[in-house]
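What follows is a set of notes on a single structure, which appears directly below.
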Amino acid sequence: MIPFNKSHVGERELEYIRDAIESNALSGDGAYTKRCNSWLSKELGSQFPLLTQSATAALEMAALLTDLSPGDEVIMPSYTFVSTANAIVLRGAIPVFVDIRPDTLNIDERLIFGAISERTRLILPVHYAGVACEMDEILRIANDHDLLVIEDAAQGIMSSYKGRALGAIGDMGAISFHATKNISCGEGGAFLTSNPKIAERAEMVREKGTNRSKFFRGEVDKYNWVATGSSYLPSELNAAYLSAQLDAAKDITKMRLNIWDKYHLAFESFEKSGIVRRPIVPSECTHNAHIYYLILPSLVLRTKFIEAMKGKGVACTFHYVPLHSSPHGIRSGRVGSDMNFTSDLADRIVRLPLWPGLEPQQNYVIDSAIEILNRF
Ligand SMILES: *Cc1c(COP(=O)(O)O)cnc(C)c1O
């Protein structure tokens, strides 16, 4: 079976982990965490990045830092992972789901205004497949209505919008280093902000609500409980592994882009004949080849396609069950627009295997897919 995903393992991961072990300092914020933070700062242009245990943790930090109160509203897409909404619901606030654009499957910025109420506090765009949302318009709406912007850039490492790294554009951003993401340490993430006021509080929220980091820097003479917080620091073992991955981030992205481009070319004629729709990357976006997907004509054909590919030994997957129609989404959120594209496209999308190392088998994946599509 050709797996849908396989984490890339480079040459230095074990060496860095051994070094971390020998340092006898495995708790958070050691040398490797600092090394990862400087990489994020330099490569993404975020002034105050903080490594976390996951993007979920970074989104929870962002929700805490927004000081959401029960009943406050947050505008987000329904077509996303549960963590985007959980971070909000954990604060007693209400996710307000808005439909996606049919081209990028990102939140439709034209529908945001209509979803704003007196209780709206923030906009939470998700950069699906590492392709950016229309951030200029989202920032303009946020500015006009005095809202914060938190980017769920979990899939967005090494992607940009008009030259700016995803996750580093809004007030706060979340990146994921989960095993399913391009750059990974199994479970990991980062919280990004360039706002010094938010950064000062973020450091405390991440350290159980204490000013322990200031204490270590000698800025206070003892450390105290100063805010509502939790433990969002990863171990140095994870940071060491991640550090090796970040060193190779450009090469990993290049390998993924080659595979993505090859798929894109292979399915061009099927798009011309109307059997599939391929991903659309707007000209202001550079993407990181996180996902290669096809939009098939119907749910029935998608189910057949996934089954037939499985029969040929190739694992393909669909993606999100929209949150607005899932049991806890119905209980804890509301819709802020119609959901036509979300419901339709969620039923018809299929994702193909994409991981560095797939290259020798990619022709087989393509030939298998073409044979099945020719039957449609
Ligand atoms: C993967 C993902 C997350 C969660 O990331 P973790 O690091 O696993 O917590 C959140 N949002 C989106 C859009 C994701 O793809």
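By convention here, the chains of the structure tokens are called A, B, ... in the order presented, each chain's residues are numbered starting at 1, and ligands are numbered starting at 1 in the order presented.
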- Give the helix (DSSP H, G or I) residues of region 58-100 of chain A, as assigned by DSSP on the backbone, as a list in words. Ala58, Leu59, Glu60, Met61, Ala62, Ala63, Leu64, Leu65, Val82, Ser83, Thr84, Ala85, Asn86, Ala87, Ile88 and Val89 of chain A
Selected residues written out, N, CA, C and O atoms, as a PDB file, in the first residue's frame:
```pdb
ATOM      1  N   ALA A  58      -1.286  26.601  20.269  1.00  0.00           N
ATOM      2  CA  ALA A  58      -1.061  27.990  19.850  1.00  0.00           C
ATOM      3  C   ALA A  58      -2.398  28.712  19.652  1.00  0.00           C
ATOM      4  O   ALA A  58      -2.540  29.888  20.010  1.00  0.00           O
ATOM      5  N   LEU A  59      -3.401  28.005  19.111  1.00  0.00           N
ATOM      6  CA  LEU A  59      -4.727  28.608  18.926  1.00  0.00           C
ATOM      7  C   LEU A  59      -5.387  28.855  20.281  1.00  0.00           C
ATOM      8  O   LEU A  59      -6.043  29.886  20.479  1.00  0.00           O
ATOM      9  N   GLU A  60      -5.190  27.931  21.225  1.00  0.00           N
ATOM     10  CA  GLU A  60      -5.741  28.142  22.577  1.00  0.00           C
ATOM     11  C   GLU A  60      -5.089  29.348  23.243  1.00  0.00           C
ATOM     12  O   GLU A  60      -5.755  30.144  23.905  1.00  0.00           O
ATOM     13  N   MET A  61      -3.778  29.489  23.056  1.00  0.00           N
ATOM     14  CA  MET A  61      -3.085  30.665  23.587  1.00  0.00           C
ATOM     15  C   MET A  61      -3.667  31.937  22.986  1.00  0.00           C
ATOM     16  O   MET A  61      -3.937  32.914  23.694  1.00  0.00           O
ATOM     17  N   ALA A  62      -3.862  31.928  21.669  1.00  0.00           N
ATOM     18  CA  ALA A  62      -4.380  33.122  20.984  1.00  0.00           C
ATOM     19  C   ALA A  62      -5.772  33.475  21.503  1.00  0.00           C
ATOM     20  O   ALA A  62      -6.088  34.651  21.719  1.00  0.00           O
ATOM     21  N   ALA A  63      -6.600  32.441  21.733  1.00  0.00           N
ATOM     22  CA  ALA A  63      -7.958  32.699  22.244  1.00  0.00           C
ATOM     23  C   ALA A  63      -7.891  33.274  23.662  1.00  0.00           C
ATOM     24  O   ALA A  63      -8.622  34.203  24.000  1.00  0.00           O
ATOM     25  N   LEU A  64      -6.976  32.743  24.501  1.00  0.00           N
ATOM     26  CA  LEU A  64      -6.793  33.279  25.857  1.00  0.00           C
ATOM     27  C   LEU A  64      -6.332  34.740  25.800  1.00  0.00           C
ATOM     28  O   LEU A  64      -6.802  35.581  26.557  1.00  0.00           O
ATOM     29  N   LEU A  65      -5.433  35.019  24.864  1.00  0.00           N
ATOM     30  CA  LEU A  65      -4.857  36.362  24.761  1.00  0.00           C
ATOM     31  C   LEU A  65      -5.845  37.378  24.204  1.00  0.00           C
ATOM     32  O   LEU A  65      -5.651  38.584  24.345  1.00  0.00           O
ATOM     33  N   VAL A  82     -11.121  20.758  13.661  1.00  0.00           N
ATOM     34  CA  VAL A  82     -11.841  21.078  14.901  1.00  0.00           C
ATOM     35  C   VAL A  82     -11.084  22.032  15.832  1.00  0.00           C
ATOM     36  O   VAL A  82     -11.707  22.798  16.574  1.00  0.00           O
ATOM     37  N   SER A  83      -9.751  22.000  15.786  1.00  0.00           N
ATOM     38  CA  SER A  83      -8.974  22.831  16.720  1.00  0.00           C
ATOM     39  C   SER A  83      -9.260  24.319  16.550  1.00  0.00           C
ATOM     40  O   SER A  83      -9.194  25.078  17.519  1.00  0.00           O
ATOM     41  N   THR A  84      -9.552  24.740  15.318  1.00  0.00           N
ATOM     42  CA  THR A  84      -9.842  26.157  15.067  1.00  0.00           C
ATOM     43  C   THR A  84     -11.030  26.590  15.923  1.00  0.00           C
ATOM     44  O   THR A  84     -11.017  27.661  16.531  1.00  0.00           O
ATOM     45  N   ALA A  85     -12.056  25.748  15.982  1.00  0.00           N
ATOM     46  CA  ALA A  85     -13.271  26.094  16.723  1.00  0.00           C
ATOM     47  C   ALA A  85     -13.141  25.772  18.219  1.00  0.00           C
ATOM     48  O   ALA A  85     -13.634  26.526  19.062  1.00  0.00           O
ATOM     49  N   ASN A  86     -12.466  24.672  18.561  1.00  0.00           N
ATOM     50  CA  ASN A  86     -12.326  24.308  19.977  1.00  0.00           C
ATOM     51  C   ASN A  86     -11.672  25.420  20.791  1.00  0.00           C
ATOM     52  O   ASN A  86     -12.073  25.680  21.930  1.00  0.00           O
ATOM     53  N   ALA A  87     -10.665  26.066  20.213  1.00  0.00           N
ATOM     54  CA  ALA A  87      -9.952  27.124  20.940  1.00  0.00           C
ATOM     55  C   ALA A  87     -10.935  28.203  21.387  1.00  0.00           C
ATOM     56  O   ALA A  87     -10.805  28.764  22.484  1.00  0.00           O
ATOM     57  N   ILE A  88     -11.936  28.469  20.538  1.00  0.00           N
ATOM     58  CA  ILE A  88     -12.919  29.511  20.804  1.00  0.00           C
ATOM     59  C   ILE A  88     -13.961  29.010  21.813  1.00  0.00           C
ATOM     60  O   ILE A  88     -14.297  29.702  22.780  1.00  0.00           O
ATOM     61  N   VAL A  89     -14.432  27.790  21.574  1.00  0.00           N
ATOM     62  CA  VAL A  89     -15.487  27.217  22.415  1.00  0.00           C
ATOM     63  C   VAL A  89     -14.969  27.005  23.849  1.00  0.00           C
ATOM     64  O   VAL A  89     -15.715  27.147  24.816  1.00  0.00           O
TER      65      VAL A  89
END
```
Output as a Markdown table one row per residue of chain A within 6 Å of ligand 1: the closest atom pair and its distance in Å to one decimal place, counting only C-alpha atoms and all ligand atoms, sorted by chain and residue number ascending.
```
| residue | atom | partner | partner_atom_place_in_ligand_line | distance |
| --- | --- | --- | --- | --- |
| A:Ser54 | CA | ligand 1 | 7 (O) | 3.6 |
| A:Ala55 | CA | ligand 1 | 7 (O) | 3.7 |
| A:Thr56 | CA | ligand 1 | 9 (O) | 3.6 |
| A:Thr80 | CA | ligand 1 | 13 (C) | 5.4 |
| A:Phe81 | CA | ligand 1 | 12 (C) | 4.9 |
| A:Ser83 | CA | ligand 1 | 10 (C) | 5.1 |
| A:Thr84 | CA | ligand 1 | 11 (N) | 5.5 |
| A:Val126 | CA | ligand 1 | 13 (C) | 5.8 |
| A:Asp152 | CA | ligand 1 | 11 (N) | 5.9 |
| A:Ala154 | CA | ligand 1 | 14 (C) | 4.7 |
| A:Gln155 | CA | ligand 1 | 15 (O) | 5.2 |
| A:Ser176 | CA | ligand 1 | 7 (O) | 4.0 |
| A:Phe177 | CA | ligand 1 | 7 (O) | 5.6 |
| A:His178 | CA | ligand 1 | 7 (O) | 4.7 |
| A:Gly188 | CA | ligand 1 | 7 (O) | 5.5 |
| A:Gly189 | CA | ligand 1 | 7 (O) | 5.3 |
```
Suppose we keep C-alpha atoms; can you now write the selection as an mmCIF file, in the first residue's frame?
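Everything below was put into part_36.cif:
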```
data_model
loop_
_atom_site.group_PDB
_atom_site.id
_atom_site.type_symbol
_atom_site.label_atom_id
_atom_site.label_comp_id
_atom_site.auth_asym_id
_atom_site.auth_seq_id
_atom_site.Cartn_x
_atom_site.Cartn_y
_atom_site.Cartn_z
ATOM 1 C CA SER A 54 0.855 21.907 18.778
ATOM 2 C CA ALA A 55 -1.070 24.360 16.611
ATOM 3 C CA THR A 56 -4.026 23.488 18.834
ATOM 4 C CA THR A 80 -11.514 23.480 8.823
ATOM 5 C CA PHE A 81 -10.092 21.227 11.524
ATOM 6 C CA SER A 83 -8.974 22.831 16.720
ATOM 7 C CA THR A 84 -9.842 26.157 15.067
ATOM 8 C CA VAL A 126 -7.558 29.286 7.867
ATOM 9 C CA ASP A 152 -4.743 29.398 11.520
ATOM 10 C CA ALA A 154 -1.300 25.201 10.720
ATOM 11 C CA GLN A 155 -0.726 24.071 7.117
ATOM 12 C CA SER A 176 1.603 23.112 13.157
ATOM 13 C CA PHE A 177 4.471 20.637 13.204
ATOM 14 C CA HIS A 178 2.189 17.606 13.514
ATOM 15 C CA GLY A 188 4.478 20.395 17.740
ATOM 16 C CA GLY A 189 3.539 23.916 16.806
#
```
- Item | Thr342 (chain A) environment, 9 Å, only C-alpha atoms, sequence neighbours closer than 5 positions dropped, as a VMD selection string | chain A and resid 77 to 79 98 to 102 105 322 347
- Residue neighbourhood Glu13 (chain A), 9 Å, only C-alpha atoms, exclusion window fewer than 4 positions, as a ChimeraX atom specification: /A:9,17-18,240-245
If you take only C-alpha atoms and a cut-off of 12 Å, which residues of region 21-131 of chain A touch region 285-295 of chain A, and what are their nearest atom pairs and distances in Å to one decimal, in chain and number order, as a Markdown table?
```
| residue | atom | partner | partner_atom | distance |
| --- | --- | --- | --- | --- |
| A:Pro102 | CA | A:Ile295 | CA | 10.4 |
| A:Asp103 | CA | A:Ile295 | CA | 10.6 |
| A:Thr104 | CA | A:Cys285 | CA | 10.7 |
| A:Leu105 | CA | A:Ile295 | CA | 10.9 |
| A:His127 | CA | A:His287 | CA | 10.0 |
| A:Tyr128 | CA | A:Ile291 | CA | 8.7 |
| A:Ala129 | CA | A:Ile291 | CA | 5.2 |
| A:Gly130 | CA | A:His287 | CA | 5.6 |
| A:Val131 | CA | A:His287 | CA | 5.4 |
```
Can you write just those residues out, N, CA and C atoms, as a PDB file, in the first residue's frame?
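Output file again-v4.pdb follows:
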```pdb
ATOM      1  N   PRO A 102     -15.059  29.118  -3.779  1.00  0.00           N
ATOM      2  CA  PRO A 102     -14.943  27.873  -4.536  1.00  0.00           C
ATOM      3  C   PRO A 102     -13.552  27.653  -5.141  1.00  0.00           C
ATOM      4  N   ASP A 103     -12.747  28.724  -5.276  1.00  0.00           N
ATOM      5  CA  ASP A 103     -11.433  28.519  -5.908  1.00  0.00           C
ATOM      6  C   ASP A 103     -10.391  27.987  -4.922  1.00  0.00           C
ATOM      7  N   THR A 104     -10.179  28.675  -3.795  1.00  0.00           N
ATOM      8  CA  THR A 104      -9.112  28.271  -2.857  1.00  0.00           C
ATOM      9  C   THR A 104      -9.619  27.423  -1.695  1.00  0.00           C
ATOM     10  N   LEU A 105     -10.929  27.330  -1.513  1.00  0.00           N
ATOM     11  CA  LEU A 105     -11.554  26.658  -0.361  1.00  0.00           C
ATOM     12  C   LEU A 105     -11.224  27.377   0.953  1.00  0.00           C
ATOM     13  N   HIS A 127      -5.669  29.061   6.361  1.00  0.00           N
ATOM     14  CA  HIS A 127      -5.029  28.995   5.034  1.00  0.00           C
ATOM     15  C   HIS A 127      -5.023  27.540   4.581  1.00  0.00           C
ATOM     16  N   TYR A 128      -6.063  27.164   3.846  1.00  0.00           N
ATOM     17  CA  TYR A 128      -6.214  25.752   3.481  1.00  0.00           C
ATOM     18  C   TYR A 128      -5.142  25.334   2.473  1.00  0.00           C
ATOM     19  N   ALA A 129      -4.560  24.174   2.715  1.00  0.00           N
ATOM     20  CA  ALA A 129      -3.550  23.594   1.830  1.00  0.00           C
ATOM     21  C   ALA A 129      -2.323  24.500   1.673  1.00  0.00           C
ATOM     22  N   GLY A 130      -2.123  25.413   2.624  1.00  0.00           N
ATOM     23  CA  GLY A 130      -0.976  26.315   2.543  1.00  0.00           C
ATOM     24  C   GLY A 130      -1.129  27.394   1.485  1.00  0.00           C
ATOM     25  N   VAL A 131      -2.370  27.615   1.027  1.00  0.00           N
ATOM     26  CA  VAL A 131      -2.657  28.694   0.068  1.00  0.00           C
ATOM     27  C   VAL A 131      -3.366  29.808   0.846  1.00  0.00           C
TER      28      VAL A 131
END
```
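Every protein or nucleic acid residue with an atom no more than 10 Å from Met204 (chain A), counting only C-alpha atoms and leaving out same-chain residues fewer than 2 positions away, appears here: Ala199, Glu200, Arg201, Ala202, Arg206, Glu207, Lys208, Gly209, Thr210, Asn211, Arg212, Ser213, Lys214, Asn224, Trp225, Val226, Ala227, Thr228, Gly229, Ser230 and Ser231 of chain A.
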Would you save the residues of that selection, restricted to all heavy atoms, as a compact mmCIF listing (two decimals), in the first residue's frame?
```
# COMPACT_ATOMS: atom_id res chain seq x y z
N ALA A 199 3.03 39.73 22.88
CA ALA A 199 4.15 38.82 23.11
C ALA A 199 4.50 38.71 24.59
O ALA A 199 4.77 37.62 25.10
CB ALA A 199 5.37 39.29 22.32
N GLU A 200 4.45 39.84 25.28
CA GLU A 200 4.81 39.84 26.71
C GLU A 200 3.83 38.96 27.49
O GLU A 200 4.23 38.17 28.36
CB GLU A 200 4.80 41.27 27.25
CG GLU A 200 5.39 41.35 28.66
CD GLU A 200 5.35 42.74 29.25
OE1 GLU A 200 4.82 43.68 28.58
OE2 GLU A 200 5.84 42.89 30.38
N ARG A 201 2.54 39.07 27.16
CA ARG A 201 1.54 38.23 27.84
C ARG A 201 1.62 36.78 27.37
O ARG A 201 1.40 35.86 28.15
CB ARG A 201 0.13 38.77 27.58
CG ARG A 201 -0.22 39.99 28.43
CD ARG A 201 -1.67 40.39 28.19
NE ARG A 201 -2.60 39.35 28.61
CZ ARG A 201 -3.79 39.14 28.06
NH1 ARG A 201 -4.20 39.88 27.05
NH2 ARG A 201 -4.56 38.19 28.51
N ALA A 202 1.91 36.59 26.07
CA ALA A 202 1.94 35.23 25.50
C ALA A 202 2.97 34.37 26.22
O ALA A 202 2.74 33.20 26.52
CB ALA A 202 2.26 35.31 24.01
N ARG A 206 1.88 30.93 28.19
CA ARG A 206 2.51 29.67 27.80
C ARG A 206 3.24 29.00 28.96
O ARG A 206 3.43 27.79 28.98
CB ARG A 206 3.48 29.97 26.66
CG ARG A 206 4.31 28.81 26.16
CD ARG A 206 4.99 29.25 24.88
NE ARG A 206 6.08 28.42 24.45
CZ ARG A 206 7.34 28.55 24.86
NH1 ARG A 206 7.66 29.46 25.76
NH2 ARG A 206 8.27 27.76 24.36
N GLU A 207 3.66 29.79 29.96
CA GLU A 207 4.41 29.28 31.13
C GLU A 207 3.50 29.23 32.34
O GLU A 207 3.82 29.77 33.39
CB GLU A 207 5.62 30.16 31.40
CG GLU A 207 6.94 29.63 30.87
CD GLU A 207 7.53 28.52 31.73
OE1 GLU A 207 6.79 27.91 32.54
OE2 GLU A 207 8.73 28.26 31.59
N LYS A 208 2.33 28.58 32.21
CA LYS A 208 1.39 28.37 33.32
C LYS A 208 0.90 29.67 33.96
O LYS A 208 0.54 29.70 35.15
CB LYS A 208 2.03 27.50 34.43
CG LYS A 208 2.47 26.12 33.98
CD LYS A 208 3.92 26.12 33.57
CE LYS A 208 4.41 24.75 33.14
NZ LYS A 208 5.72 24.81 32.47
N GLY A 209 0.93 30.76 33.20
CA GLY A 209 0.47 32.03 33.76
C GLY A 209 1.47 32.67 34.72
O GLY A 209 1.10 33.46 35.58
N THR A 210 2.76 32.31 34.54
CA THR A 210 3.80 32.89 35.42
C THR A 210 4.77 33.76 34.63
O THR A 210 4.85 33.66 33.40
CB THR A 210 4.63 31.80 36.12
OG1 THR A 210 5.48 31.18 35.13
CG2 THR A 210 3.76 30.75 36.79
N ASN A 211 5.53 34.58 35.36
CA ASN A 211 6.58 35.37 34.71
C ASN A 211 7.96 34.70 34.89
O ASN A 211 8.97 35.35 35.09
CB ASN A 211 6.59 36.81 35.24
CG ASN A 211 6.66 36.88 36.75
OD1 ASN A 211 6.71 35.84 37.43
ND2 ASN A 211 6.67 38.08 37.29
N ARG A 212 7.93 33.36 34.75
CA ARG A 212 9.15 32.58 34.93
C ARG A 212 10.23 32.94 33.91
O ARG A 212 11.43 32.97 34.23
CB ARG A 212 8.77 31.10 34.79
CG ARG A 212 9.81 30.12 35.24
CD ARG A 212 9.13 28.77 35.48
NE ARG A 212 10.08 27.75 35.84
CZ ARG A 212 10.37 26.70 35.07
NH1 ARG A 212 9.77 26.56 33.90
NH2 ARG A 212 11.23 25.80 35.48
N SER A 213 9.80 33.23 32.67
CA SER A 213 10.79 33.58 31.64
C SER A 213 11.52 34.87 32.00
O SER A 213 12.73 35.00 31.81
CB SER A 213 10.12 33.72 30.27
OG SER A 213 9.42 32.54 29.96
N LYS A 214 10.77 35.84 32.52
CA LYS A 214 11.39 37.10 32.97
C LYS A 214 12.39 36.84 34.11
O LYS A 214 13.45 37.44 34.17
CB LYS A 214 10.32 38.07 33.48
CG LYS A 214 9.57 38.76 32.38
CD LYS A 214 8.70 39.88 32.94
CE LYS A 214 8.07 40.64 31.78
NZ LYS A 214 7.04 41.55 32.21
N ASN A 224 6.12 34.63 39.77
CA ASN A 224 4.80 34.73 40.36
C ASN A 224 3.73 34.26 39.41
O ASN A 224 3.94 34.26 38.20
CB ASN A 224 4.53 36.23 40.56
CG ASN A 224 4.48 36.58 42.02
OD1 ASN A 224 3.84 35.86 42.79
ND2 ASN A 224 5.13 37.66 42.38
N TRP A 225 2.58 33.98 39.99
CA TRP A 225 1.39 33.71 39.16
C TRP A 225 0.78 35.06 38.77
O TRP A 225 0.30 35.79 39.62
CB TRP A 225 0.38 32.88 39.96
CG TRP A 225 -0.81 32.41 39.17
CD1 TRP A 225 -0.89 32.25 37.82
CD2 TRP A 225 -2.08 32.06 39.70
NE1 TRP A 225 -2.14 31.80 37.47
CE2 TRP A 225 -2.90 31.67 38.61
CE3 TRP A 225 -2.64 32.02 40.98
CZ2 TRP A 225 -4.22 31.26 38.76
CZ3 TRP A 225 -3.95 31.60 41.14
CH2 TRP A 225 -4.74 31.22 40.03
N VAL A 226 0.80 35.38 37.46
CA VAL A 226 0.40 36.73 37.05
C VAL A 226 -0.74 36.75 36.02
O VAL A 226 -1.24 37.82 35.67
CB VAL A 226 1.61 37.51 36.47
CG1 VAL A 226 2.60 37.85 37.57
CG2 VAL A 226 2.30 36.71 35.35
N ALA A 227 -1.12 35.58 35.49
CA ALA A 227 -2.17 35.56 34.45
C ALA A 227 -2.80 34.17 34.41
O ALA A 227 -2.28 33.23 35.01
CB ALA A 227 -1.56 35.89 33.08
N THR A 228 -3.93 34.05 33.69
CA THR A 228 -4.50 32.73 33.44
C THR A 228 -3.68 32.08 32.34
O THR A 228 -3.52 32.66 31.27
CB THR A 228 -5.97 32.86 32.96
OG1 THR A 228 -6.70 33.56 33.95
CG2 THR A 228 -6.58 31.48 32.74
N GLY A 229 -3.16 30.90 32.62
CA GLY A 229 -2.32 30.26 31.61
C GLY A 229 -2.36 28.76 31.69
O GLY A 229 -3.17 28.18 32.40
N SER A 230 -1.48 28.14 30.94
CA SER A 230 -1.38 26.69 30.96
C SER A 230 0.05 26.33 30.57
O SER A 230 0.91 27.21 30.48
CB SER A 230 -2.40 26.08 30.00
OG SER A 230 -2.44 24.68 30.18
N SER A 231 0.29 25.04 30.32
CA SER A 231 1.63 24.62 29.91
C SER A 231 1.62 24.30 28.44
O SER A 231 1.03 23.31 28.02
CB SER A 231 2.05 23.39 30.73
OG SER A 231 3.34 23.01 30.31
```
